[in-house]
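Asks: Here it is, the structure, as structure tokens.
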Amino acid sequence: MTTVFCALKPEAEPLIRELDLKPISSTLYESDDVRLMITGIGKLNASSSAGFCLGRYGVSDCYVNYGTAAGARELTGQTFFAGQITDAGSGKEFFPDIADTEFKHISLVTSDVPVSEINDSCHIYDMESSGICTALRSAVTPDRMIFIKTVTDSGTPDFTKTKVLIEDASAAVISYIRKISAKKPVNGQENGDYLNELCEEFKCSESMRIQLKQFVKYQEVSGNLGEFDSHIASLRAKGLLPAPDRRHGKKLLAQFM
């Protein structure tokens, strides 16, 4: 399942229509492989919606946040992957997935208030992304978070033009969502006996198991699984694994990750 977050319904409408998503409620739409939630504007709304989906449905295969952003005038109409997200209020930084190349990469700043008269072409601005990152990061690895933004204005939106720009951009975004939704989950060593053995050694609770599973998957997709196995072997050689109890396992897992 791919979970998509959009702040406003006009941003979501092309996706709902073309992906044939059926309404579950006024803010939630689904098909067999895509779930879309309209979050409302701002970090708090976005964070609450992401937390709701995580708590209600568990961890999805992938999370996509799609919507509009403000940027320099020369960027208007272009669609980007956010390769770095900075929360303007706290200064915290997040680094979501940038493995794909369908769209150019850019730095995104999440602001608590609308930003106007933007001249910097190196950054774009929204009001939701860092909230979604904050809500998901305890259970979802960065390789499963994707932030796609279409620049529609430089801080003073013209909503008649915004609708046209969103419609023009939607075909490429929908094609990308279809592509990632059709991917089968990575079937590597994180499944089956391998994961069960690790969880037993770390004395994992269910939440620890989710963290460990996501971490192992991240190592696999980033090509670091061999190094991961070497670290595990080193812990075993030092007598740190198997952990004597869950408290030690939790501390060891936190240090390891």
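For the structure tokens, the naming scheme is as follows: chains receive sequential letters (A, B, ...) according to their order of presentation, residues are indexed from 1 within each chain, and ligands are indexed from 1 in presentation order.
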Pick out the residues sitting within 9 Å of Ala139 (chain A), and hand them over as a list in words; count only C-alpha atoms, and ignore anything fewer than 3 positions along from it in its own chain.

Replies: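 My reading of the contact set: Leu54, Val59, Ala135, Leu136, Ser207, Ile210, Gln211 and Gln214 of chain A.
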
Asks: Give the strand (DSSP E) residues of region 4-247 of chain A, as DSSP finds them on the backbone, and put them as a ChimeraX atom specification.

Replies: /A:4-6,22-23,28-30,34-38,62-70,79-87,93-94,104-110,123-126,145-153

Asks: List as a list of chain:residue names the protein and nucleic acid residues near Leu241 (chain A), meaning an atom at most 10 Å away when only C-alpha atoms are counted, but skip any in the same chain fewer than 2 places from it.

Replies: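 What passes the distance filter is A:Leu198, A:Glu200, A:Glu201, A:Phe202, A:Lys203, A:Ile232, A:Ala233, A:Ser234, A:Leu235, A:Arg236, A:Ala237, A:Lys238, A:Gly239, A:Ala243, A:Pro244, A:His248, A:Gly249, A:Leu252.
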
Asks: Excluding Phe95 (chain A) and its own-chain neighbours fewer than 4 positions away, which residues fall within 8 Å of it when counting only C-alpha atoms? Please give them as number ranges by chain.

Replies: A: 83-85, 142

Asks: Please determine, counting only C-alpha atoms, which residue among A:Val173, A:Lys179, A:Ile41, A:Phe80 has the shortest atom-to-atom distance to Thr110 (chain A).

Replies: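 Of the candidates, the smallest distance to Thr110 (chain A) is held by A:Ile41.
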
Asks: May I ask which of the residues A:Glu18, A:Glu74, A:Asp126, A:Glu102 is the closest one to Ala172 (chain A), counting only C-alpha atoms?

Replies: A:Glu102

Asks: Pick out the closest residue to Glu11 (chain A) from this set: A:Leu195, A:Val109, A:Ala182, A:Ile38. Count only C-alpha atoms.

Replies: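 Looking only at the distances to Glu11 (chain A), the closest residue turns out to be A:Ile38.
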
Asks: So how many Å separate CA of Asp33 (chain A) and CA of Tyr63 (chain A), to one decimal?

Replies: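 Separation of CA of Asp33 (chain A) and CA of Tyr63 (chain A): 12.0 Å.
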